[in-house]
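**Student:** Quick one: this structure, given as structure tokens, is what I'll be asking you about.
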Amino acid sequence: MRRLYDLAYGRSGDKGDVANISVIARSSADYAELKAKLTSERVKAHLGDLVRGEVLRYELDNIEALNFVCHQALGGGGTRSFRLDPLGKSLAGILLYMVWDE
Amino acid sequence: MTLRIGSAQGYYGDNVLAALPMLEDNQVDVICFEALAELTLAILQKDRLKDPARGYTFDISLIASKILPLAYKKGVPLITNGGGLNPLGAAQAIRETAHKLGLHGLKIAAITGDDLLPSLDALRASGEALAHLETGQALDPSEYPLVNGNAYLGAEAIVEALKQGAHIVVTGRVADPCLYLAPMIAHYGWAWDDWDKLASGIVAGHLLECTAQVVGGNSLAAMDAIDPYDLSRLGYPIAHVEADGSFILTKTAGLPGVVNLGTVKEQLLYEIHDPANYMTPDVIADFTTLHLEDLGDDRVRVSGVTGKPRPTALKLNFGRLEGYLRELIFTVAYPQAWRKFEQLKAMIEATWRGLPIERVEYQFMGLNSLAGSVATLPDDPLELVVRVMFSARDEATLKNAVRLLMANGLSGPAGMSISGTTVGAEPRVIVGLFPTTVQRQHVEPELHILEVE
């Protein structure tokens, strides 16, 4: 079994109640695979109740990376959030936990 | 001639003394300190309410007493947005310290004009909708008390301050990367519509503004390359910027850290939305055209950045006092831990019936407290750590809720315990952010120069 972490690394951060998660490919072959299969729908489905709004995907072919912008993703954002990790620092790791293929 | 820009602060409380090795070994021509996260101004407002002379970051006094003397001697200007809500007050405090230290002839620049709270009525009267960036809803000042309202300024007034020979520039809310862009414009004389160069400077600023995060901190890419004992003394980043805007990103020489394609990519995409349209007050930067080249020895070259004309509106963030929240942590163990949790929850609900508590949430620490529904919960756990979060408009309701619950201490499920440190804690204020925009013509940065005789 491979997880997304086997193909990519990344980092997450906050702007208000919006979180972004970068997914940076480990190789050009990995990037091609991510670009084809790591859709915003798949990311939203994986993150479940962590993300209540829409997920937008942006492509950076020049550095072989994707950027996912997740709306209503931090329980209200800032000090409003009840999350133990209100700034979403762990979201990249939670996304990279995704089972990629069996 | 290359301009070398050091970055010694990425948030309020960061290790600003990281500037010292940059200065001691003549590694930089200018040093920037970025102190303001989205919520920092709201935190500083609490200080200002207690004492109108305050409202700036405590780091200012450390910068003035420990870093400024050497920087002044070496002719290295310092630029900080740690003036927070009171850049003029910060400048006066710096002048006092500099006077005591005998820094005669020192020029201090303070930049104000980002604080729009006093002109809120005029703004609304002039037809500014002040619509929420996410929801589109207009700001209703009667909904919650407003704590602060600050527009994001660009580099312009800082450039002017540097041209007038300021040795230290103190601002309030300036957009993070623009703090770093300013010395490039002052040094190279880039035109205000030379969008590609401005955008390249913004990318440099964006890579520098979170200090340790581009030299191995908070990094999956550098995890294997860094000795964990070195994490506490990483060499903060420095950019070597050329006249065409291209630059080499590196770290403070002689200190640990890693700069490679991985750490640069991680920071490039940190806290950004559309990478082709990274909005700043001075330019819209496009991150999708740039080229990265690893030169070895912790140096990465960045070139090919392109830019688009600056936006007509500036971002404006309001902080609103929306209430208070409280955390309590309970523990239960085998047998039937889940059933005990249900009993605990029922006891809490019954105890709080009738209290004006707005929200209650239960989390299981170590099980789903980070991952929410992504986590799979165990069927029959040996232990459960239950985090109960709850909020109300006023502090008294929360204190009352805790007191009533503690009176049930011996009535709970078998083996239930509560974390004493959470019982003893105070309610925490909820400052909600209300991000919106304002037309540029309503924002007038003002430059003040103070001198030490």
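Residues in the structure tokens are named by chain (A, B, ... in the order shown) and by number from 1 within that chain; ligands are numbered from 1 in the order shown.
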Could you list, as a list in words, the residues of chain B having an atom within 7 Å of chain A when counting only C-alpha atoms?
**Tutor:**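 Listing them in order of chain and number gives Leu220, Ala221, Glu266, Leu269, Tyr270, Glu271, Ile272, His273, Asp274, Thr288, Thr289, Leu290, His291, Ser369, Leu370, Ala371, Gly372, Ser373, Val374, Met389, Ile430, Val431, Gly432 and Leu433 of chain B.
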**Student:** Output as an NGL selection string all residues of chain A that backbone DSSP marks as strand (DSSP E).
**Tutor:** :A and (2-3 or 8-9 or 12-15 or 18-25 or 55-60 or 65-70 or 99-101)
**Student:** Can you spit out the residues from that selection as a PDB file, in the first residue's frame, using N, CA and C atoms?
**Tutor:**
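Listing of out24.pdb after writing:
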ATOM      1  N   ARG A   2       0.501   2.259  -0.816  1.00  0.00           N
ATOM      2  CA  ARG A   2       1.198   3.546  -0.775  1.00  0.00           C
ATOM      3  C   ARG A   2       0.258   4.619  -0.229  1.00  0.00           C
ATOM      4  N   ARG A   3       0.813   5.511   0.552  1.00  0.00           N
ATOM      5  CA  ARG A   3       0.055   6.685   0.957  1.00  0.00           C
ATOM      6  C   ARG A   3       0.506   7.867   0.108  1.00  0.00           C
ATOM      7  N   ALA A   8       4.626  12.551  -2.229  1.00  0.00           N
ATOM      8  CA  ALA A   8       4.687  14.003  -2.042  1.00  0.00           C
ATOM      9  C   ALA A   8       4.942  14.377  -0.595  1.00  0.00           C
ATOM     10  N   TYR A   9       5.384  15.624  -0.414  1.00  0.00           N
ATOM     11  CA  TYR A   9       5.425  16.228   0.915  1.00  0.00           C
ATOM     12  C   TYR A   9       4.657  17.540   0.820  1.00  0.00           C
ATOM     13  N   SER A  12       0.969  23.119   5.493  1.00  0.00           N
ATOM     14  CA  SER A  12      -0.337  23.785   5.525  1.00  0.00           C
ATOM     15  C   SER A  12      -0.291  25.014   6.415  1.00  0.00           C
ATOM     16  N   GLY A  13      -1.208  25.950   6.143  1.00  0.00           N
ATOM     17  CA  GLY A  13      -1.260  27.186   6.922  1.00  0.00           C
ATOM     18  C   GLY A  13      -2.633  27.820   6.826  1.00  0.00           C
ATOM     19  N   ASP A  14      -2.811  28.946   7.489  1.00  0.00           N
ATOM     20  CA  ASP A  14      -4.135  29.547   7.612  1.00  0.00           C
ATOM     21  C   ASP A  14      -4.182  30.987   7.114  1.00  0.00           C
ATOM     22  N   LYS A  15      -5.376  31.390   6.688  1.00  0.00           N
ATOM     23  CA  LYS A  15      -5.753  32.799   6.499  1.00  0.00           C
ATOM     24  C   LYS A  15      -7.204  32.846   6.940  1.00  0.00           C
ATOM     25  N   VAL A  18      -9.757  30.012   6.205  1.00  0.00           N
ATOM     26  CA  VAL A  18      -9.320  29.303   4.997  1.00  0.00           C
ATOM     27  C   VAL A  18      -7.958  28.663   5.261  1.00  0.00           C
ATOM     28  N   ALA A  19      -7.824  27.393   4.928  1.00  0.00           N
ATOM     29  CA  ALA A  19      -6.531  26.722   5.058  1.00  0.00           C
ATOM     30  C   ALA A  19      -6.026  26.384   3.672  1.00  0.00           C
ATOM     31  N   ASN A  20      -4.704  26.456   3.477  1.00  0.00           N
ATOM     32  CA  ASN A  20      -4.166  25.942   2.218  1.00  0.00           C
ATOM     33  C   ASN A  20      -3.171  24.824   2.516  1.00  0.00           C
ATOM     34  N   ILE A  21      -3.167  23.846   1.645  1.00  0.00           N
ATOM     35  CA  ILE A  21      -2.283  22.692   1.793  1.00  0.00           C
ATOM     36  C   ILE A  21      -1.500  22.534   0.498  1.00  0.00           C
ATOM     37  N   SER A  22      -0.172  22.606   0.594  1.00  0.00           N
ATOM     38  CA  SER A  22       0.623  22.357  -0.599  1.00  0.00           C
ATOM     39  C   SER A  22       0.952  20.873  -0.675  1.00  0.00           C
ATOM     40  N   VAL A  23       0.967  20.361  -1.894  1.00  0.00           N
ATOM     41  CA  VAL A  23       1.339  18.965  -2.145  1.00  0.00           C
ATOM     42  C   VAL A  23       2.450  19.015  -3.188  1.00  0.00           C
ATOM     43  N   ILE A  24       3.676  18.724  -2.750  1.00  0.00           N
ATOM     44  CA  ILE A  24       4.852  18.909  -3.598  1.00  0.00           C
ATOM     45  C   ILE A  24       5.383  17.541  -4.011  1.00  0.00           C
ATOM     46  N   ALA A  25       5.419  17.308  -5.321  1.00  0.00           N
ATOM     47  CA  ALA A  25       5.768  15.973  -5.825  1.00  0.00           C
ATOM     48  C   ALA A  25       7.234  15.639  -5.549  1.00  0.00           C
ATOM     49  N   VAL A  55     -13.219  23.185  -1.894  1.00  0.00           N
ATOM     50  CA  VAL A  55     -11.773  23.006  -2.044  1.00  0.00           C
ATOM     51  C   VAL A  55     -11.396  23.369  -3.477  1.00  0.00           C
ATOM     52  N   LEU A  56     -10.442  24.303  -3.618  1.00  0.00           N
ATOM     53  CA  LEU A  56      -9.976  24.692  -4.961  1.00  0.00           C
ATOM     54  C   LEU A  56      -8.561  24.174  -5.162  1.00  0.00           C
ATOM     55  N   ARG A  57      -8.271  23.714  -6.395  1.00  0.00           N
ATOM     56  CA  ARG A  57      -6.936  23.198  -6.699  1.00  0.00           C
ATOM     57  C   ARG A  57      -6.216  24.130  -7.662  1.00  0.00           C
ATOM     58  N   TYR A  58      -4.952  24.427  -7.372  1.00  0.00           N
ATOM     59  CA  TYR A  58      -4.116  25.216  -8.271  1.00  0.00           C
ATOM     60  C   TYR A  58      -2.879  24.407  -8.629  1.00  0.00           C
ATOM     61  N   GLU A  59      -2.450  24.519  -9.912  1.00  0.00           N
ATOM     62  CA  GLU A  59      -1.303  23.741 -10.382  1.00  0.00           C
ATOM     63  C   GLU A  59      -0.088  24.634 -10.568  1.00  0.00           C
ATOM     64  N   LEU A  60       1.070  24.149 -10.143  1.00  0.00           N
ATOM     65  CA  LEU A  60       2.327  24.846 -10.407  1.00  0.00           C
ATOM     66  C   LEU A  60       3.260  23.880 -11.122  1.00  0.00           C
ATOM     67  N   ALA A  65       4.144  21.076  -8.230  1.00  0.00           N
ATOM     68  CA  ALA A  65       3.395  21.072  -6.975  1.00  0.00           C
ATOM     69  C   ALA A  65       1.950  21.473  -7.216  1.00  0.00           C
ATOM     70  N   LEU A  66       1.071  21.051  -6.311  1.00  0.00           N
ATOM     71  CA  LEU A  66      -0.330  21.471  -6.330  1.00  0.00           C
ATOM     72  C   LEU A  66      -0.604  22.244  -5.047  1.00  0.00           C
ATOM     73  N   ASN A  67      -1.542  23.189  -5.122  1.00  0.00           N
ATOM     74  CA  ASN A  67      -1.941  23.927  -3.934  1.00  0.00           C
ATOM     75  C   ASN A  67      -3.448  23.792  -3.767  1.00  0.00           C
ATOM     76  N   PHE A  68      -3.866  23.300  -2.611  1.00  0.00           N
ATOM     77  CA  PHE A  68      -5.292  23.144  -2.338  1.00  0.00           C
ATOM     78  C   PHE A  68      -5.734  24.209  -1.343  1.00  0.00           C
ATOM     79  N   VAL A  69      -6.739  24.974  -1.732  1.00  0.00           N
ATOM     80  CA  VAL A  69      -7.262  26.027  -0.862  1.00  0.00           C
ATOM     81  C   VAL A  69      -8.622  25.553  -0.346  1.00  0.00           C
ATOM     82  N   CYS A  70      -8.700  25.402   0.971  1.00  0.00           N
ATOM     83  CA  CYS A  70      -9.879  24.798   1.594  1.00  0.00           C
ATOM     84  C   CYS A  70     -10.640  25.863   2.390  1.00  0.00           C
ATOM     85  N   VAL A  99      -4.672   7.096   1.623  1.00  0.00           N
ATOM     86  CA  VAL A  99      -4.233   5.871   0.951  1.00  0.00           C
ATOM     87  C   VAL A  99      -4.285   6.129  -0.557  1.00  0.00           C
ATOM     88  N   TRP A 100      -3.116   6.034  -1.221  1.00  0.00           N
ATOM     89  CA  TRP A 100      -3.033   6.357  -2.654  1.00  0.00           C
ATOM     90  C   TRP A 100      -3.418   5.157  -3.513  1.00  0.00           C
ATOM     91  N   ASP A 101      -2.779   4.039  -3.263  1.00  0.00           N
ATOM     92  CA  ASP A 101      -3.217   2.802  -3.929  1.00  0.00           C
ATOM     93  C   ASP A 101      -2.900   1.621  -3.028  1.00  0.00           C
TER      94      ASP A 101
END
**Student:** What does the structure give for the distance between CA of Arg233 (chain B) and CA of Thr80 (chain B), in Å to one decimal?
**Tutor:**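 Separation between CA of Arg233 (chain B) and CA of Thr80 (chain B): 21.6 Å.
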**Student:** Could you make a table, as a tab-separated table, of the residues of region 230-265 of chain B that have an atom within 8 Å of an atom of region 18-27 of chain B, each with its nearest atom pair and distance in Å to one decimal, counting only C-alpha atoms, in chain and number order?
**Tutor:**
residue	atom	partner	partner_atom	distance
B:Gly235	CA	B:Ala18	CA	7.2
B:Tyr236	CA	B:Ala18	CA	6.4
B:Thr252	CA	B:Met22	CA	6.2
B:Ala253	CA	B:Gln27	CA	7.9
**Student:** So what do you get for CA of Thr421 (chain B) versus CA of Val386 (chain B), distance-wise?
**Tutor:**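 So the answer is 14.3 Å.
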**Student:** Can you list, as a ChimeraX atom specification, every protein, DNA or RNA residue that comes within 7 Å of Gly55 (chain B) when you count only C-alpha atoms, leaving out same-chain residues fewer than 6 positions away?
**Tutor:** /B:44-45,47-48,84-86
**Student:** Find the residue from B:His99, B:Arg440, B:Arg359, B:Lys66 that sits nearest to Tyr324 (chain B); use only C-alpha atoms when measuring.
**Tutor:** B:Arg359
**Student:** Determine the nearest neighbour of Leu4 (chain A) from the options A:Leu96, A:Glu102, A:Glu54, A:Leu38, counting only C-alpha atoms.
**Tutor:**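 Ranked by minimum distance to Leu4 (chain A), first place goes to A:Leu96.
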**Student:** As a PyMOL selection string, list the residues of chain A assigned to alpha helix (DSSP H) by DSSP on the backbone atoms of this structure.
**Tutor:** chain A and resi 28-37+40-47+91-96
**Student:** Would you write out those residues with C-alpha atoms, as a compact mmCIF listing (two decimals), in the first residue's frame?
**Tutor:**
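The result, stored in out.txt:
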# COMPACT_ATOMS: atom_id res chain seq x y z
CA SER A 28 8.26 14.34 -12.22
CA ALA A 29 6.51 10.97 -12.54
CA ASP A 30 4.84 11.54 -9.18
CA TYR A 31 3.71 15.01 -10.30
CA ALA A 32 2.10 13.61 -13.43
CA GLU A 33 0.25 11.07 -11.31
CA LEU A 34 -0.84 13.67 -8.73
CA LYS A 35 -2.01 16.06 -11.42
CA ALA A 36 -4.10 13.35 -13.02
CA LYS A 37 -5.59 11.81 -9.91
CA SER A 40 -10.11 18.73 -5.43
CA GLU A 41 -13.11 16.40 -5.02
CA ARG A 42 -10.81 13.63 -3.78
CA VAL A 43 -9.13 16.00 -1.30
CA LYS A 44 -12.47 17.27 0.00
CA ALA A 45 -13.78 13.74 0.40
CA HIS A 46 -10.66 12.67 2.31
CA LEU A 47 -10.75 15.63 4.71
CA LEU A 91 -3.70 19.45 7.86
CA ALA A 92 -0.85 18.71 5.41
CA GLY A 93 0.04 15.60 7.38
CA ILE A 94 -3.59 14.52 7.54
CA LEU A 95 -3.91 14.88 3.76
CA LEU A 96 -0.63 13.01 3.15
**Student:** Residues at most 8 Å from region 107-109 of chain B, counting only C-alpha atoms, excluding those fewer than 6 positions away in the same chain, as a ChimeraX atom specification?
**Tutor:** /B:91,94-95,161,165-170,447-452
**Student:** Between CA of Pro118 (chain B) and CA of Glu444 (chain B), what is the distance, to one decimal in Å?
**Tutor:**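 Those two atoms sit 13.4 Å apart.
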**Student:** Residues near Pro335 (chain B), anyone? I mean within 12 Å using only C-alpha atoms, not counting same-chain ones fewer than 4 positions away, as a PyMOL selection string.
**Tutor:** chain B and resi 339-341+379-384+413-416
**Student:** Atoms to include: C-alpha atoms. Write the selected residues as a PDB file, in the first residue's frame.
**Tutor:**
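Resulting contents of result_19.pdb:
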ATOM      1  CA  ARG B 339     -20.417   4.504  27.433  1.00  0.00           C
ATOM      2  CA  LYS B 340     -18.762   6.526  30.196  1.00  0.00           C
ATOM      3  CA  PHE B 341     -18.225   9.329  27.717  1.00  0.00           C
ATOM      4  CA  ASP B 379     -14.086   0.089  19.407  1.00  0.00           C
ATOM      5  CA  ASP B 380     -13.103  -0.489  23.023  1.00  0.00           C
ATOM      6  CA  PRO B 381     -10.311   1.911  24.064  1.00  0.00           C
ATOM      7  CA  LEU B 382      -8.196   1.523  27.187  1.00  0.00           C
ATOM      8  CA  GLU B 383      -8.311   5.275  27.748  1.00  0.00           C
ATOM      9  CA  LEU B 384     -10.234   8.296  26.521  1.00  0.00           C
ATOM     10  CA  PRO B 413     -19.044   8.035  35.514  1.00  0.00           C
ATOM     11  CA  ALA B 414     -16.821   5.401  37.183  1.00  0.00           C
ATOM     12  CA  GLY B 415     -13.174   6.405  37.228  1.00  0.00           C
ATOM     13  CA  MET B 416     -13.742   9.852  35.699  1.00  0.00           C
TER      14      MET B 416
END
